Amino acid sequence: MGNVWVLGSMGWMPGAGRQSACVLVELEGELIMLDAGTGVANLAQLEDVLRSHNRLTVLLSHYHLDHMVGLMYLSRFARDLQVEVRGPGRPVYPRSTRAYASDLLQRPFYAAGPMGFSRDVRYEDYGGEGFLVGRVPVRVRRQRHSSPSFELRLGDALTYATDTRFDADAWIGYPKTEVLLHECWQLDEADMRHTSIGALTTGLPHNTFGRVVLVHQNPAWTEDDRTKVGAIASSRGFMLASDGMHLLV
Ligand SMILES: [Zn+2]
Ligand SMILES: [Zn+2]
């Protein structure tokens, strides 16, 4: 039994009171964060969960700022934890996760620096290969985006697929998974780097996922757009995520 908390359900920037890309997962005794956007700020609601762990593993789908800027907020929440940050890195990218994080978190932009937001910070590359976080197997799959991004699958419990053009072929023969968190950026196929609600409702297989929850929503949506997307989503039994949403897996 595990827990999933959506801490940031928006893409690009906060909007409508919602923060950018961040999901916290408690699984097999591990505390795993999927992306570290501004949603890291919502760890303020989960300090009791943080206190029950010694280690936090942050898995980055890619390096866009809406997925990374919250690393600097970890100095408030994770100072006493060992923090390992794993991103795609080499050989997918020309440089390592540590190098990119060091660019972003260097002084004078961030006083604590790239190694300073907890007592023990480590960086690793997963480089397009699966790996283990404790006993949790993590499978990764490269997606189509403006820079390489990766789908992350944690055992049979959770698949996280954000910042990707929808790829119907990826889901053919996909193993049964309890929860799919998939980005939903637009009503139609306006932006080929991202996924529309129509592509999701027509292209996702039935019966592969116990629940489908839509994240990385577009802060440029009007309330009308959100209502429309929500109605189309619920016609297939999908849910629009909001910050603070908790799922048992
Ligand atoms: Zn994004
Ligand atoms: Zn992106």
# chains A, B, ... in the order shown; residues from 1 in each chain; ligands from 1
>>> closest_atom_pairs(of="chain A", to="ligand 2", cutoff="9 Å", atoms="only C-alpha atoms and all ligand atoms", output="tab-separated table")
residue	atom	partner	partner_atom_place_in_ligand_line	distance
A:Gly11	CA	ligand 2	1 (Zn)	8.1
A:Trp12	CA	ligand 2	1 (Zn)	7.8
A:Ser61	CA	ligand 2	1 (Zn)	8.5
A:His62	CA	ligand 2	1 (Zn)	6.8
A:Tyr63	CA	ligand 2	1 (Zn)	7.3
A:His64	CA	ligand 2	1 (Zn)	5.0
A:Leu65	CA	ligand 2	1 (Zn)	7.9
A:Asp66	CA	ligand 2	1 (Zn)	7.4
A:His67	CA	ligand 2	1 (Zn)	7.6
A:His145	CA	ligand 2	1 (Zn)	6.8
A:Ser146	CA	ligand 2	1 (Zn)	6.8
A:Ser147	CA	ligand 2	1 (Zn)	7.0
A:Pro148	CA	ligand 2	1 (Zn)	8.6
A:Ser149	CA	ligand 2	1 (Zn)	7.2
A:Thr162	CA	ligand 2	1 (Zn)	7.8
A:Asp163	CA	ligand 2	1 (Zn)	4.8
A:Thr164	CA	ligand 2	1 (Zn)	7.8
A:Arg193	CA	ligand 2	1 (Zn)	8.2
A:His194	CA	ligand 2	1 (Zn)	8.6
>>> residues_around(residues="region 43-56 of chain A", least_positions_apart="6", cutoff="9 Å", atoms="only C-alpha atoms", output="list in words")
Leu7, Leu24, Glu26, Gly29, Glu30, Leu31, Ile32, Met33, Leu74, Arg76, Phe77, Ala78, Asp80, Leu81, Gln82, Val83, Glu84, Val85 and Gly244 of chain A
>>> write_last_selection(atoms="C-alpha atoms", output="tab-separated table (two decimals), in the first residue's frame")
chain	number	residue	atom	x	y	z
A	7	LEU	CA	1.55	18.83	-4.97
A	24	LEU	CA	5.12	13.00	-3.80
A	26	GLU	CA	5.40	6.95	-0.53
A	29	GLY	CA	9.18	2.53	2.53
A	30	GLU	CA	10.68	5.01	0.04
A	31	LEU	CA	9.82	8.67	-0.31
A	32	ILE	CA	9.96	9.63	-3.99
A	33	MET	CA	9.28	13.01	-5.56
A	74	LEU	CA	13.86	21.84	-0.26
A	76	ARG	CA	12.87	24.42	4.18
A	77	PHE	CA	11.48	20.88	4.07
A	78	ALA	CA	14.32	18.42	3.52
A	80	ASP	CA	17.47	16.74	7.63
A	81	LEU	CA	17.00	14.24	4.79
A	82	GLN	CA	19.47	12.63	2.47
A	83	VAL	CA	18.34	13.87	-0.95
A	84	GLU	CA	19.22	12.14	-4.19
A	85	VAL	CA	18.24	13.90	-7.41
A	244	GLY	CA	-3.35	18.35	-2.46
>>> closest_residue(among="A:Arg18, A:Met72, A:Phe150, A:Asp243", to="Met115 (chain A)", atoms="only C-alpha atoms")
A:Met72
>>> closest_residue(among="A:Thr159, A:Ser118, A:Ser242, A:Gln106", to="Asn42 (chain A)", atoms="only C-alpha atoms")
A:Ser242
>>> select_by_dssp(residues="region 59-203 of chain A", states="strand (DSSP E)", output="PyMOL selection string")
chain A and resi 59+82-87+120-125+131-133+136-143+149-154+158-161+177-183
>>> write_last_selection(atoms="N, CA and C atoms", output="compact mmCIF listing (two decimals), in the first residue's frame")
# COMPACT_ATOMS: atom_id res chain seq x y z
N LEU A 59 12.99 12.37 -8.69
CA LEU A 59 13.17 11.90 -10.07
C LEU A 59 12.67 12.98 -11.02
N GLN A 82 18.52 12.86 3.55
CA GLN A 82 19.47 12.63 2.47
C GLN A 82 18.66 12.76 1.17
N VAL A 83 19.10 13.63 0.28
CA VAL A 83 18.34 13.87 -0.95
C VAL A 83 19.16 13.43 -2.16
N GLU A 84 18.57 12.52 -2.93
CA GLU A 84 19.22 12.14 -4.19
C GLU A 84 18.36 12.62 -5.34
N VAL A 85 18.96 13.37 -6.25
CA VAL A 85 18.24 13.90 -7.41
C VAL A 85 18.70 13.13 -8.64
N ARG A 86 17.74 12.46 -9.29
CA ARG A 86 18.08 11.68 -10.50
C ARG A 86 17.37 12.28 -11.70
N GLY A 87 18.15 12.63 -12.69
CA GLY A 87 17.57 13.16 -13.94
C GLY A 87 18.11 12.37 -15.12
N ASP A 120 22.74 16.24 2.98
CA ASP A 120 23.44 15.29 2.12
C ASP A 120 22.74 15.28 0.76
N VAL A 121 23.32 15.94 -0.22
CA VAL A 121 22.72 16.02 -1.56
C VAL A 121 23.56 15.22 -2.54
N ARG A 122 22.90 14.38 -3.33
CA ARG A 122 23.60 13.64 -4.39
C ARG A 122 22.86 13.80 -5.70
N TYR A 123 23.59 13.73 -6.78
CA TYR A 123 22.99 13.77 -8.11
C TYR A 123 23.40 12.53 -8.88
N GLU A 124 22.46 12.00 -9.64
CA GLU A 124 22.73 10.83 -10.48
C GLU A 124 22.03 11.03 -11.83
N ASP A 125 22.54 10.37 -12.85
CA ASP A 125 21.86 10.31 -14.14
C ASP A 125 21.22 8.94 -14.30
N PHE A 131 16.09 1.66 -13.19
CA PHE A 131 16.92 1.58 -11.99
C PHE A 131 16.02 1.27 -10.79
N LEU A 132 16.63 1.10 -9.63
CA LEU A 132 15.88 0.82 -8.41
C LEU A 132 15.99 2.01 -7.46
N VAL A 133 14.88 2.33 -6.81
CA VAL A 133 14.94 3.23 -5.64
C VAL A 133 14.56 2.34 -4.46
N VAL A 136 11.89 -0.31 -5.06
CA VAL A 136 10.94 0.11 -6.09
C VAL A 136 11.62 0.13 -7.46
N PRO A 137 11.18 -0.75 -8.37
CA PRO A 137 11.76 -0.69 -9.72
C PRO A 137 11.19 0.50 -10.49
N VAL A 138 12.07 1.27 -11.11
CA VAL A 138 11.64 2.42 -11.90
C VAL A 138 11.97 2.13 -13.36
N ARG A 139 10.94 2.14 -14.18
CA ARG A 139 11.13 1.93 -15.61
C ARG A 139 10.98 3.28 -16.30
N VAL A 140 11.84 3.58 -17.26
CA VAL A 140 11.75 4.89 -17.91
C VAL A 140 11.55 4.69 -19.42
N ARG A 141 10.87 5.65 -20.03
CA ARG A 141 10.67 5.60 -21.50
C ARG A 141 10.78 7.02 -22.05
N ARG A 142 11.57 7.16 -23.07
CA ARG A 142 11.76 8.48 -23.66
C ARG A 142 10.50 8.93 -24.41
N GLN A 143 10.18 10.19 -24.25
CA GLN A 143 8.97 10.76 -24.87
C GLN A 143 9.35 11.84 -25.88
N SER A 149 12.27 14.17 -22.66
CA SER A 149 11.62 13.97 -21.36
C SER A 149 11.32 12.48 -21.23
N PHE A 150 11.11 12.02 -19.99
CA PHE A 150 10.93 10.59 -19.76
C PHE A 150 9.68 10.30 -18.96
N GLU A 151 8.95 9.26 -19.43
CA GLU A 151 7.88 8.67 -18.62
C GLU A 151 8.56 7.87 -17.52
N LEU A 152 8.01 7.93 -16.32
CA LEU A 152 8.57 7.20 -15.17
C LEU A 152 7.49 6.28 -14.63
N ARG A 153 7.82 4.99 -14.50
CA ARG A 153 6.85 4.02 -13.97
C ARG A 153 7.42 3.39 -12.71
N LEU A 154 6.69 3.51 -11.60
CA LEU A 154 7.13 2.97 -10.31
C LEU A 154 6.41 1.66 -10.06
N LEU A 158 2.30 3.12 -10.28
CA LEU A 158 2.11 4.47 -10.80
C LEU A 158 2.93 4.70 -12.07
N THR A 159 2.29 5.28 -13.07
CA THR A 159 3.02 5.80 -14.23
C THR A 159 2.83 7.30 -14.28
N TYR A 160 3.93 8.00 -14.49
CA TYR A 160 3.92 9.47 -14.57
C TYR A 160 4.42 9.85 -15.96
N ALA A 161 3.56 10.46 -16.76
CA ALA A 161 3.93 10.80 -18.14
C ALA A 161 3.57 12.26 -18.38
N THR A 177 -1.39 -1.04 -14.60
CA THR A 177 -0.82 -0.11 -13.63
C THR A 177 -1.98 0.55 -12.89
N GLU A 178 -1.81 0.70 -11.58
CA GLU A 178 -2.94 1.22 -10.80
C GLU A 178 -3.34 2.63 -11.18
N VAL A 179 -2.33 3.53 -11.25
CA VAL A 179 -2.64 4.94 -11.51
C VAL A 179 -1.76 5.46 -12.64
N LEU A 180 -2.39 6.18 -13.56
CA LEU A 180 -1.64 6.94 -14.57
C LEU A 180 -1.83 8.42 -14.31
N LEU A 181 -0.72 9.11 -14.07
CA LEU A 181 -0.74 10.57 -14.04
C LEU A 181 -0.22 11.02 -15.40
N HIS A 182 -1.07 11.60 -16.22
CA HIS A 182 -0.66 12.01 -17.58
C HIS A 182 -0.91 13.49 -17.75
N GLU A 183 -0.03 14.15 -18.47
CA GLU A 183 -0.26 15.57 -18.74
C GLU A 183 -1.49 15.77 -19.60
>>> residues_around(residues="region 165-175 of chain A", least_positions_apart="6", cutoff="7 Å", atoms="only C-alpha atoms", output="PyMOL selection string")
chain A and resi 144-145+192-195+199+203-205+208
>>> select_by_dssp(residues="region 67-221 of chain A", states="alpha helix (DSSP H)", output="CSV table (one decimal) with C-alpha atoms, in the first residue's frame")
chain,number,residue,atom,x,y,z
A,74,LEU,CA,13.9,21.8,-0.3
A,75,SER,CA,16.0,23.8,2.2
A,76,ARG,CA,12.9,24.4,4.2
A,77,PHE,CA,11.5,20.9,4.1
A,97,THR,CA,22.1,16.2,-13.9
A,98,ARG,CA,24.6,17.5,-11.5
A,99,ALA,CA,25.9,20.0,-14.1
A,100,TYR,CA,22.5,21.3,-15.0
A,101,ALA,CA,21.4,21.6,-11.3
A,102,SER,CA,24.7,23.4,-10.6
A,103,ASP,CA,23.9,25.9,-13.4
A,104,LEU,CA,20.4,26.5,-12.0
A,197,ILE,CA,-7.8,15.9,-23.8
A,198,GLY,CA,-9.1,14.4,-27.1
A,199,ALA,CA,-5.9,12.4,-27.7
A,200,LEU,CA,-6.2,11.0,-24.2
A,201,THR,CA,-9.8,10.0,-24.3
A,202,THR,CA,-9.5,8.3,-27.7
A,203,GLY,CA,-5.9,7.0,-27.5
>>> closest_residue(among="A:Val6, A:Leu247, A:Val215, A:Val23", to="ligand 1", atoms="only C-alpha atoms and all ligand atoms")
A:Val215
>>> atom_distance(atom1="CA of Ser9 (chain A)", atom2="CA of Phe209 (chain A)")
19.3 Å
>>> atom_distance(atom1="CA of Asp35 (chain A)", atom2="CA of Met13 (chain A)")
13.7 Å
>>> atom_distance(atom1="CA of Tyr126 (chain A)", atom2="CA of Arg90 (chain A)")
7.8 Å
>>> decode(residues="region 81-235 of chain A", atoms="C-alpha atoms", output="CSV table (one decimal), in the first residue's frame")
chain,number,residue,atom,x,y,z
A,81,LEU,CA,17.0,14.2,4.8
A,82,GLN,CA,19.5,12.6,2.5
A,83,VAL,CA,18.3,13.9,-1.0
A,84,GLU,CA,19.2,12.1,-4.2
A,85,VAL,CA,18.2,13.9,-7.4
A,86,ARG,CA,18.1,11.7,-10.5
A,87,GLY,CA,17.6,13.2,-13.9
A,88,PRO,CA,18.1,11.9,-17.5
A,89,GLY,CA,21.6,13.3,-17.8
A,90,ARG,CA,24.2,11.5,-19.9
A,91,PRO,CA,24.1,10.0,-22.5
A,92,VAL,CA,20.7,11.4,-23.4
A,93,TYR,CA,21.8,14.9,-22.7
A,94,PRO,CA,25.4,16.3,-23.3
A,95,ARG,CA,25.8,17.1,-19.6
A,96,SER,CA,25.0,15.5,-16.3
A,97,THR,CA,22.1,16.2,-13.9
A,98,ARG,CA,24.6,17.5,-11.5
A,99,ALA,CA,25.9,20.0,-14.1
A,100,TYR,CA,22.5,21.3,-15.0
A,101,ALA,CA,21.4,21.6,-11.3
A,102,SER,CA,24.7,23.4,-10.6
A,103,ASP,CA,23.9,25.9,-13.4
A,104,LEU,CA,20.4,26.5,-12.0
A,105,LEU,CA,21.3,26.6,-8.3
A,106,GLN,CA,24.6,28.5,-8.4
A,107,ARG,CA,25.3,31.7,-6.5
A,108,PRO,CA,24.3,34.5,-6.8
A,109,PHE,CA,20.9,33.0,-7.9
A,110,TYR,CA,20.6,30.7,-4.9
A,111,ALA,CA,22.6,31.3,-1.7
A,112,ALA,CA,22.8,27.7,-0.5
A,113,GLY,CA,24.2,26.5,-3.8
A,114,PRO,CA,23.5,23.1,-5.6
A,115,MET,CA,24.7,21.0,-2.6
A,116,GLY,CA,23.3,23.2,0.2
A,117,PHE,CA,19.6,22.5,0.4
A,118,SER,CA,19.9,19.4,2.6
A,119,ARG,CA,22.5,17.8,4.9
A,120,ASP,CA,23.4,15.3,2.1
A,121,VAL,CA,22.7,16.0,-1.6
A,122,ARG,CA,23.6,13.6,-4.4
A,123,TYR,CA,23.0,13.8,-8.1
A,124,GLU,CA,22.7,10.8,-10.5
A,125,ASP,CA,21.9,10.3,-14.1
A,126,TYR,CA,19.5,7.6,-15.2
A,127,GLY,CA,20.5,8.1,-18.8
A,128,GLY,CA,17.4,6.4,-20.3
A,129,GLU,CA,17.9,3.2,-18.3
A,130,GLY,CA,15.7,1.7,-15.6
A,131,PHE,CA,16.9,1.6,-12.0
A,132,LEU,CA,15.9,0.8,-8.4
A,133,VAL,CA,14.9,3.2,-5.6
A,134,GLY,CA,15.3,0.9,-2.6
A,135,ARG,CA,13.0,-1.9,-3.6
A,136,VAL,CA,10.9,0.1,-6.1
A,137,PRO,CA,11.8,-0.7,-9.7
A,138,VAL,CA,11.6,2.4,-11.9
A,139,ARG,CA,11.1,1.9,-15.6
A,140,VAL,CA,11.7,4.9,-17.9
A,141,ARG,CA,10.7,5.6,-21.5
A,142,ARG,CA,11.8,8.5,-23.7
A,143,GLN,CA,9.0,10.8,-24.9
A,144,ARG,CA,8.6,13.3,-27.6
A,145,HIS,CA,9.0,16.9,-26.3
A,146,SER,CA,11.0,20.0,-27.0
A,147,SER,CA,13.9,18.5,-25.0
A,148,PRO,CA,14.1,14.8,-24.1
A,149,SER,CA,11.6,14.0,-21.4
A,150,PHE,CA,10.9,10.6,-19.8
A,151,GLU,CA,7.9,8.7,-18.6
A,152,LEU,CA,8.6,7.2,-15.2
A,153,ARG,CA,6.8,4.0,-14.0
A,154,LEU,CA,7.1,3.0,-10.3
A,155,GLY,CA,6.5,-0.8,-10.1
A,156,ASP,CA,2.8,-1.6,-10.9
A,157,ALA,CA,1.6,1.3,-8.8
A,158,LEU,CA,2.1,4.5,-10.8
A,159,THR,CA,3.0,5.8,-14.2
A,160,TYR,CA,3.9,9.5,-14.6
A,161,ALA,CA,3.9,10.8,-18.1
A,162,THR,CA,4.3,14.5,-18.5
A,163,ASP,CA,5.7,17.0,-21.1
A,164,THR,CA,5.1,14.7,-24.0
A,165,ARG,CA,3.3,14.7,-27.3
A,166,PHE,CA,0.6,11.9,-26.9
A,167,ASP,CA,1.9,8.7,-28.3
A,168,ALA,CA,-0.9,6.1,-28.7
A,169,ASP,CA,1.7,3.3,-29.6
A,170,ALA,CA,3.4,3.7,-26.2
A,171,TRP,CA,0.3,2.2,-24.5
A,172,ILE,CA,-0.2,-0.9,-26.7
A,173,GLY,CA,0.6,-3.9,-24.5
A,174,TYR,CA,1.4,-1.6,-21.6
A,175,PRO,CA,1.4,-3.5,-18.3
A,176,LYS,CA,-1.5,-3.1,-15.9
A,177,THR,CA,-0.8,-0.1,-13.6
A,178,GLU,CA,-2.9,1.2,-10.8
A,179,VAL,CA,-2.6,4.9,-11.5
A,180,LEU,CA,-1.6,6.9,-14.6
A,181,LEU,CA,-0.7,10.6,-14.0
A,182,HIS,CA,-0.7,12.0,-17.6
A,183,GLU,CA,-0.3,15.6,-18.7
A,184,CYS,CA,-3.3,17.3,-20.3
A,185,TRP,CA,-2.2,20.6,-21.8
A,186,GLN,CA,-4.8,21.5,-24.4
A,187,LEU,CA,-8.3,21.1,-25.9
A,188,ASP,CA,-7.0,20.4,-29.4
A,189,GLU,CA,-3.7,19.5,-31.0
A,190,ALA,CA,-2.4,23.1,-31.1
A,191,ASP,CA,1.0,22.4,-29.6
A,192,MET,CA,2.8,19.2,-30.8
A,193,ARG,CA,5.1,19.1,-27.8
A,194,HIS,CA,2.1,18.4,-25.6
A,195,THR,CA,-1.1,16.3,-25.2
A,196,SER,CA,-4.7,17.2,-25.7
A,197,ILE,CA,-7.8,15.9,-23.8
A,198,GLY,CA,-9.1,14.4,-27.1
A,199,ALA,CA,-5.9,12.4,-27.7
A,200,LEU,CA,-6.2,11.0,-24.2
A,201,THR,CA,-9.8,10.0,-24.3
A,202,THR,CA,-9.5,8.3,-27.7
A,203,GLY,CA,-5.9,7.0,-27.5
A,204,LEU,CA,-5.5,5.5,-24.0
A,205,PRO,CA,-6.5,1.9,-23.7
A,206,HIS,CA,-9.4,0.8,-21.5
A,207,ASN,CA,-8.6,-1.4,-18.5
A,208,THR,CA,-4.9,-0.8,-18.4
A,209,PHE,CA,-5.1,1.8,-15.7
A,210,GLY,CA,-7.2,1.6,-12.5
A,211,ARG,CA,-7.4,5.4,-12.4
A,212,VAL,CA,-6.3,8.1,-14.9
A,213,VAL,CA,-5.5,11.5,-13.3
A,214,LEU,CA,-4.6,14.6,-15.5
A,215,VAL,CA,-1.7,16.8,-14.4
A,216,HIS,CA,0.5,19.5,-16.0
A,217,GLN,CA,-2.7,21.5,-16.8
A,218,ASN,CA,-2.4,24.7,-18.7
A,219,PRO,CA,-2.5,27.9,-16.6
A,220,ALA,CA,-3.8,29.8,-19.7
A,221,TRP,CA,-7.1,27.9,-19.6
A,222,THR,CA,-10.1,29.9,-18.7
A,223,GLU,CA,-12.6,28.5,-16.1
A,224,ASP,CA,-14.7,27.6,-19.2
A,225,ASP,CA,-11.8,25.7,-20.7
A,226,ARG,CA,-11.3,23.8,-17.5
A,227,THR,CA,-14.9,22.9,-17.2
A,228,LYS,CA,-14.9,21.7,-20.8
A,229,VAL,CA,-11.8,19.6,-20.3
A,230,GLY,CA,-13.2,18.2,-17.0
A,231,ALA,CA,-16.4,17.2,-18.7
A,232,ILE,CA,-14.6,15.4,-21.5
A,233,ALA,CA,-12.3,13.7,-19.0
A,234,SER,CA,-15.1,12.5,-16.7
A,235,SER,CA,-16.9,11.0,-19.7
